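Notes for the one structure printed next.
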Amino acid sequence: MNISSLNLTAIAPQIIIIITALVVLLAELFTGRKSLLAYLSLLGIIVAAIASWYIWNGTEQRLFAVPMFQTMAVADGYSLFLNLVFLVTAALSVLASINYLVRERINHGEYYALLLLATGGMMLMGSATDLMTVFLALEILSISLYVLAGFNRADLKSGESALKYFLLGAFASGFLLYGIALIYGATGTTNLAAIVDFLKGTGPMRGTYLFIGLGLLLVGFSFKIALVPFHMWTPDVYEGAPTSVTAFMSVGAKAAGFAALGRLLLYAFPTLLGDWVWALAVLSVLTMTLGNLTALAQTNVKRMLAYSSIAHAGYILIGLIAANEAGMAGVLFYLLAYAFMNVGAFAVVIAVGREGEPNLELSDYAGLGSRQPLLAAAMAVFMFSLAGVPPLAGFFGKLYIFSAAVQAGFVALAIIGVLNSVVSAFFYLRVIVYMYMQKPIVEARPVLAPPLALAIALAVLGTIGLGLLPTPFLTLAQQSIAMLFGA
Amino acid sequence: MGRKTIFFSNLREAGKPEQTETGKLMDWIANLLIPLIKSLILVIGLLVGFAYMTWAERKLCARFQLRYGPNRAGPFGLLQPVADAFKAIFKEEAIFGQVHSKVIYVIAPGISLAAALLAFAVVPVGPTINSFQVFGFQVPDISLHLAADVNIGVLYLFAIAGLGTYGIVLGGWSSNNKYSLLGALRTTAQLISYELPMGLAIVSVLLLSESLSLVKIVEKQAVLPFVVLQPVAALIYLICGLAETNRSPFDLPETENELVSGFATEYGGIKFAVFFMAEYINMIVVSAVTATLFLGGWQWPAFLADLHPLIAVGLFFVKTAFVLFLFVWIRASLPRVRYDKLMKFCWKFLFPLALVNLAVTAVVVALLPG
Amino acid sequence: MELALFVVLAVIAVIAAAGVVLSKKAATGALFLLLNFCTLAGLYILLNAQFIAVAQVIIYAGAIVVLFLFVLMLLSPGKEESQDRKPYIRVFAVFLAVLMLGEVGYVAFTGVLSGTPGQYTPEKIAEVGNVQAIGQVLFTDFLLPFELASVLLLVGIVGAVVLAKREL
């Protein structure tokens, strides 16, 4: 009885995050100041980020990309880059939450603990190399998010959001699990490396069960990352959940889903490429188009951002479909960019909002440009970036993904993507039009709390920074996916 | 071999040679007939045990209260249980129209009793009696426990304990009566809560015994019974045992004065008697398991047990009887606890205590090899 | 002998499963489910998987069905069921059930499951012991999933407290 490849330090970032969650949970007993817990969480996030960096660049090269826990997980470039995305998302969300929770009277320590546990789950999804780990990590993430969505217990909408998310999420988990079971039946293993070996051994064999299993797996993931037609829950859940939670899950859960899906499809099942690529292409087109067209009709900003997040999942999916290095690097870059701009946009929504969140309509943003010039400018940056206007982060994300699609021969897909971006520009720019060209209806001046301001400032910095200097980050992304294709 | 045989082949033990007709017959006898006879003996033994347990309890309680107890039917009232049985059987029973489901109402006591009887199957009563000759006839080895010595004995006890709840829950629910429902809810909450510290207490024993088989656990105690090494676990187990069997001071599910007998309000006659039986047989099981896990079962003290298997069996019964006496003693001495205190006691005292005990045991076992 | 036991258990299991679907009362359905779980446990024992059998009874029969019954007892769903059920849903359900049955039958009788069998043959399990074998695998090969499951349970507990506790 021995454990040959425990390699505990390689999973240090995840462990640090989960331990921080436990510390936060306990610390609430001893402190009355809940903001302290937020800063504790931030500290944990920063330490985890440092640990990730250390694994990547540290002198101890033996940590990097070595399978751990009997090849249950791995800390390779791919997972470490995704750690960055998740930690950025979590840090920005924590900053944006501090005063929001006080305002909504839901300031409990469990919020931060659950947020951290969800982050831990996301990071584990990025590093999982076994279907079992993928599933458990996904459940940790999902259950934390169900609870977070219903965290505002006094608010009926929040409860509705939690219940809808839970029911459909559990359903999706069922699909996923059936898929995993069938894949296990077909290959005799849940380990991705072993599946690769198995598929090499059988050549281009397409077992019926493997095929159905993969299909169910895709359906399960499609629910989780809200691809049309599995997106029905998204608008209600995103609208009902506390805004800071929406910010966190719209980016984090999606990125985690793409992380695991990317590793699964490109590392374990590349031999079945021809089978799944068309299914995904159809999903992608539907997702982009429907997400954008429905977003056009929304007047509630939170709901509009929910539909926009559906559309973005469609764009990101194109990178997966391209299934080449440029595409995957594009996906990672896009996820990072999306983390900054989308959390930033929701942070502005928090800043404009009032207790009980009545200020979510577009008209509430009228005249923001004169009332709160800086806030309006930040929102404009996020909207431009989400629409894909150069030279912001969103533009380069789209650029990389679309060009990868063209490289891989999916010209039509790229064209549909570009057309969709044009459509999306309408509703993003409408916010800007409201902010700068409409007379204010509400005269109240939103007061910007320092942590929230910091979150928005950091998000703006990230959005502009990634736009002005995309190359170092793209190189990083390219390095990090080398592992995926090297195998 | 056709495809069908491939499908079913794993049901048989792999590599078994083709059986002859007599071999098959022996297989049936060994695997079906003998266990059947054994279980029959066990069931009858337990039912008799139950009957005289009620007698003993009444006698003992009476002595504790300076009364005589039953002394009319037979010498020392020894025929009292028989009289009680006749009374219960011939009592007229009405099932009133309000019950949720007649079927469930009727089978609920049966489920309780069945679970109680089933639990005893894995309790090792004594060592194997080696084959001996009677009047020139060779008697084969007789193993004194019913079920094969599989390595899951302890887990099996838990599984059956879980099933036991159903009798009470279903009985309370199908009675369609507020008192019964409340009694059933209380019972379930109590049973599920107390199962946790009980399980943890047993796990600390398992750390010492290194096996889940009750026979192996007994054999490990040849030198020293585990109650010496695990006094805390033994105490926790005993307390939880009281709660699991709804015995005083934890007989909240019944509480005559507030719930008018709880889940059993609507029951009468033989159906009530069956619930009653289940409770007492559960008590016997808990006592027997206590004797097995903590008092060395039939194995300790070894110099006595080694004399003859029957003496070993006697040791086991003495220990069981001792624990049963404790149960009665506690009932005669302690008042009932309040319901919220009961739950608080479990979750805020017993459970952490059992956890600490487990952690300490684990550390000690790891540090002291052998 | 094993075959006879298998047939008995299997027949009861199938009847119980049908009872779950066909019974009009939810409580009866839950009890049929309980019976089904118990027979399944018996089948596991026939397959030499005693630990799984006991776990099946402890977890499903001992905990989950009790929860079902709790809900039924406290909410006591009455007559209002099957009001809004549309007829095509029933057809669709039957279709799905037949499809699943066909799939399972296909696997069972053609053996298309192409996976490689693991290292734990019945002989080996009998040698090291059922629980020991599971314990060893659980704490070596599957250590990470095992620990993750504990985190998952923690999330569940925290979540339940957050959503249900009156005063946070």
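Just so we're on the same page: first chain in the structure tokens is A, next is B, and so on; residues restart at 1 for each chain, and ligands are numbered from 1 in the order they show up.
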Practice item. Within 9 Å of region 241-253 of chain B, counting only C-alpha atoms, which residues show up once you throw out same-chain ones fewer than 2 positions away? Write them as a VMD selection string, please. Key: chain B and resid 161 180 182 to 188 190 to 192 194 to 195 198 236 to 239 255 to 256 259 261 to 263 279 to 280 282 to 283 286 to 287 290 327 to 328 330 to 332 334 to 339 342
**Study point:** Test item, helix (DSSP H, G or I) assignment across region 170-361 of chain B, answer as an MDAnalysis selection string
**Key:** chainID B and resid 170:174 178:209 214:220 226:229 231:244 256:259 262:264 269:293 302:305 309:333 339:361
For the selection you just gave me, I'd like the residues written to a file as a tab-separated table (two decimals), in the first residue's frame, keeping C-alpha atoms.
chain	number	residue	atom	x	y	z
B	170	LEU	CA	-44.68	3.97	9.04
B	171	GLY	CA	-46.66	2.98	12.09
B	172	GLY	CA	-46.80	6.56	13.29
B	173	TRP	CA	-47.64	7.97	9.92
B	174	SER	CA	-50.26	5.44	8.88
B	178	LYS	CA	-51.14	13.89	15.52
B	179	TYR	CA	-49.63	12.20	18.54
B	180	SER	CA	-48.51	9.25	16.48
B	181	LEU	CA	-46.99	11.44	13.80
B	182	LEU	CA	-45.13	13.50	16.37
B	183	GLY	CA	-43.92	10.34	18.04
B	184	ALA	CA	-42.72	8.97	14.73
B	185	LEU	CA	-40.91	12.19	13.85
B	186	ARG	CA	-39.26	12.33	17.23
B	187	THR	CA	-38.17	8.75	16.92
B	188	THR	CA	-36.62	9.20	13.53
B	189	ALA	CA	-34.79	12.33	14.56
B	190	GLN	CA	-33.56	10.66	17.71
B	191	LEU	CA	-32.48	7.45	16.01
B	192	ILE	CA	-30.66	9.17	13.19
B	193	SER	CA	-28.91	11.56	15.58
B	194	TYR	CA	-27.76	8.90	17.98
B	195	GLU	CA	-26.54	6.65	15.21
B	196	LEU	CA	-23.67	9.06	14.59
B	197	PRO	CA	-21.89	8.93	17.97
B	198	MET	CA	-22.70	5.24	18.08
B	199	GLY	CA	-20.99	4.70	14.76
B	200	LEU	CA	-17.98	6.75	15.82
B	201	ALA	CA	-17.71	4.78	19.05
B	202	ILE	CA	-17.72	1.55	17.07
B	203	VAL	CA	-15.13	2.92	14.65
B	204	SER	CA	-12.72	3.46	17.51
B	205	VAL	CA	-13.20	-0.21	18.39
B	206	LEU	CA	-12.59	-1.13	14.77
B	207	LEU	CA	-9.28	0.72	14.88
B	208	LEU	CA	-8.20	-1.67	17.60
B	209	SER	CA	-9.66	-4.81	16.08
B	214	LEU	CA	-17.62	-9.50	14.79
B	215	VAL	CA	-15.92	-12.88	15.21
B	216	LYS	CA	-12.49	-11.33	14.68
B	217	ILE	CA	-13.38	-8.54	17.08
B	218	VAL	CA	-14.22	-11.11	19.74
B	219	GLU	CA	-11.07	-13.08	19.07
B	220	LYS	CA	-8.98	-9.94	19.53
B	226	PHE	CA	-12.01	-3.49	24.78
B	227	VAL	CA	-13.92	-1.81	27.57
B	228	VAL	CA	-10.58	-1.39	29.33
B	229	LEU	CA	-8.93	0.17	26.30
B	231	PRO	CA	-13.96	3.07	28.25
B	232	VAL	CA	-15.25	6.25	26.63
B	233	ALA	CA	-16.39	4.44	23.51
B	234	ALA	CA	-18.10	1.81	25.63
B	235	LEU	CA	-19.96	4.47	27.59
B	236	ILE	CA	-20.98	6.31	24.43
B	237	TYR	CA	-22.14	3.09	22.87
B	238	LEU	CA	-24.21	2.20	25.90
B	239	ILE	CA	-25.85	5.64	26.03
B	240	CYS	CA	-26.59	5.53	22.33
B	241	GLY	CA	-27.87	2.01	22.76
B	242	LEU	CA	-30.40	3.30	25.25
B	243	ALA	CA	-31.46	5.98	22.80
B	244	GLU	CA	-31.58	3.61	19.84
B	256	GLU	CA	-47.25	8.50	27.88
B	257	ASN	CA	-47.82	11.84	29.53
B	258	GLU	CA	-47.39	14.09	26.52
B	259	LEU	CA	-47.77	11.92	23.44
B	262	GLY	CA	-46.43	8.26	20.59
B	263	PHE	CA	-46.33	6.19	17.46
B	264	ALA	CA	-48.14	3.34	19.16
B	269	GLY	CA	-53.62	-6.22	20.81
B	270	ILE	CA	-51.11	-8.31	18.99
B	271	LYS	CA	-49.90	-5.46	16.78
B	272	PHE	CA	-48.91	-3.48	19.80
B	273	ALA	CA	-47.35	-6.59	21.24
B	274	VAL	CA	-45.24	-6.93	18.12
B	275	PHE	CA	-43.93	-3.38	18.52
B	276	PHE	CA	-43.26	-4.23	22.11
B	277	MET	CA	-41.40	-7.36	21.09
B	278	ALA	CA	-39.31	-5.41	18.61
B	279	GLU	CA	-38.29	-2.98	21.33
B	280	TYR	CA	-37.20	-5.69	23.72
B	281	ILE	CA	-35.43	-7.74	21.08
B	282	ASN	CA	-33.60	-4.60	20.02
B	283	MET	CA	-32.57	-4.24	23.59
B	284	ILE	CA	-31.27	-7.79	23.64
B	285	VAL	CA	-29.38	-7.14	20.41
B	286	VAL	CA	-27.79	-3.98	21.75
B	287	SER	CA	-26.78	-5.81	24.90
B	288	ALA	CA	-25.36	-8.69	22.93
B	289	VAL	CA	-23.42	-6.31	20.70
B	290	THR	CA	-22.12	-4.46	23.73
B	291	ALA	CA	-20.97	-7.75	25.17
B	292	THR	CA	-19.34	-8.62	21.85
B	293	LEU	CA	-17.65	-5.31	21.16
B	302	ALA	CA	-9.78	-16.91	28.05
B	303	PHE	CA	-8.96	-19.48	30.73
B	304	LEU	CA	-12.67	-20.07	31.22
B	305	ALA	CA	-13.62	-19.84	27.58
B	309	PRO	CA	-17.29	-24.09	23.89
B	310	LEU	CA	-20.45	-24.31	25.93
B	311	ILE	CA	-18.79	-22.44	28.80
B	312	ALA	CA	-17.80	-19.78	26.27
B	313	VAL	CA	-21.42	-19.49	25.19
B	314	GLY	CA	-22.39	-19.23	28.83
B	315	LEU	CA	-19.92	-16.36	29.28
B	316	PHE	CA	-21.53	-14.56	26.40
B	317	PHE	CA	-24.99	-14.93	27.86
B	318	VAL	CA	-23.87	-13.80	31.31
B	319	LYS	CA	-22.40	-10.65	29.82
B	320	THR	CA	-25.50	-9.98	27.76
B	321	ALA	CA	-27.66	-10.48	30.82
B	322	PHE	CA	-25.48	-8.09	32.77
B	323	VAL	CA	-25.96	-5.33	30.18
B	324	LEU	CA	-29.69	-6.04	30.13
B	325	PHE	CA	-29.72	-5.66	33.88
B	326	LEU	CA	-28.01	-2.28	33.45
B	327	PHE	CA	-30.81	-1.25	31.11
B	328	VAL	CA	-33.45	-2.11	33.67
B	329	TRP	CA	-31.48	-0.51	36.45
B	330	ILE	CA	-31.21	2.73	34.51
B	331	ARG	CA	-34.90	2.65	33.77
B	332	ALA	CA	-35.74	2.23	37.40
B	333	SER	CA	-33.41	5.03	38.49
B	339	TYR	CA	-36.60	16.43	24.14
B	340	ASP	CA	-34.47	19.47	23.28
B	341	LYS	CA	-31.95	18.46	25.94
B	342	LEU	CA	-31.82	15.02	24.43
B	343	MET	CA	-30.90	16.34	21.01
B	344	LYS	CA	-28.48	18.90	22.42
B	345	PHE	CA	-26.82	16.21	24.49
B	346	CYS	CA	-26.32	14.11	21.40
B	347	TRP	CA	-25.06	16.78	19.03
B	348	LYS	CA	-23.18	19.03	21.39
B	349	PHE	CA	-21.71	16.55	23.81
B	350	LEU	CA	-21.75	12.93	22.70
B	351	PHE	CA	-20.86	13.59	19.08
B	352	PRO	CA	-17.80	15.78	19.76
B	353	LEU	CA	-16.75	13.44	22.53
B	354	ALA	CA	-16.92	10.47	20.18
B	355	LEU	CA	-14.93	12.42	17.58
B	356	VAL	CA	-12.23	13.31	20.06
B	357	ASN	CA	-12.13	9.75	21.28
B	358	LEU	CA	-11.77	8.52	17.72
B	359	ALA	CA	-9.00	10.99	16.96
B	360	VAL	CA	-7.08	10.08	20.11
B	361	THR	CA	-7.49	6.39	19.39
What are the residues of chain C lining chain B at 7 Å or less? Count only C-alpha atoms, and put the answer as a PDB file with C-alpha atoms, in the first residue's frame.
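out38.pdb, freshly written:
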ATOM      1  CA  MET C   1     -28.321 -22.308  -5.766  1.00  0.00           C
ATOM      2  CA  GLU C   2     -27.000 -18.902  -6.740  1.00  0.00           C
ATOM      3  CA  LEU C  46     -24.555 -12.624  -5.011  1.00  0.00           C
ATOM      4  CA  LEU C  47     -21.948 -10.692  -6.973  1.00  0.00           C
ATOM      5  CA  PHE C  51     -19.619  -3.849   1.071  1.00  0.00           C
ATOM      6  CA  VAL C  54     -24.451  -2.996   2.948  1.00  0.00           C
ATOM      7  CA  VAL C  57     -28.944  -0.538   2.512  1.00  0.00           C
ATOM      8  CA  ILE C  58     -27.369   1.990   4.884  1.00  0.00           C
ATOM      9  CA  ALA C  61     -32.732   2.330   2.409  1.00  0.00           C
ATOM     10  CA  GLY C  62     -31.600   3.737   5.728  1.00  0.00           C
ATOM     11  CA  MET C  73     -45.431  12.594   6.064  1.00  0.00           C
ATOM     12  CA  ALA C 108     -26.038  -7.344 -21.493  1.00  0.00           C
ATOM     13  CA  PHE C 109     -26.452  -9.792 -24.340  1.00  0.00           C
ATOM     14  CA  THR C 110     -23.841  -8.640 -26.804  1.00  0.00           C
ATOM     15  CA  GLY C 129     -11.220  -8.917   1.921  1.00  0.00           C
TER      16      GLY C 129
END
Please report as a compact mmCIF listing (two decimals) with N, CA and C atoms, in the first residue's frame which residues of chain A come no farther than 6 Å from chain C, using only C-alpha atoms.
# COMPACT_ATOMS: atom_id res chain seq x y z
N ILE A 3 1.51 5.22 -2.04
CA ILE A 3 1.01 6.21 -2.99
C ILE A 3 2.20 6.72 -3.76
N GLN A 70 -2.06 9.96 -8.13
CA GLN A 70 -2.31 8.86 -9.07
C GLN A 70 -3.03 9.35 -10.32
N THR A 133 -12.69 13.30 -10.84
CA THR A 133 -12.31 14.59 -10.27
C THR A 133 -13.09 15.71 -10.93
N ILE A 140 -18.78 20.61 -6.42
CA ILE A 140 -18.39 21.57 -5.39
C ILE A 140 -18.73 22.98 -5.86
N VAL A 147 -26.26 27.82 -3.64
CA VAL A 147 -26.52 28.48 -2.36
C VAL A 147 -26.28 29.97 -2.48
N GLY A 185 -17.92 2.61 -19.14
CA GLY A 185 -18.27 1.29 -19.66
C GLY A 185 -17.54 0.98 -20.95
N ALA A 186 -17.37 2.01 -21.78
CA ALA A 186 -16.77 1.77 -23.09
C ALA A 186 -15.26 1.61 -23.00
N THR A 187 -14.64 2.34 -22.06
CA THR A 187 -13.18 2.33 -22.04
C THR A 187 -12.61 1.60 -20.83
N GLY A 188 -13.41 1.38 -19.81
CA GLY A 188 -12.92 0.69 -18.63
C GLY A 188 -12.12 1.58 -17.71
Check your understanding: For Ala38 (chain A), which residue out of A:Leu305, A:Ala91, A:Ile195, A:Ala408 is the nearest one, using only C-alpha atoms?
Key -> A:Ala91
Practice item. Do a neighbour search on Phe221 (chain A) at 9 Å with only C-alpha atoms, toss out local chain neighbours closer than 5 positions, and write the hits as a PyMOL selection string. Key: chain A and resi 172-173+175-176+216+226-227+257-258+260-261
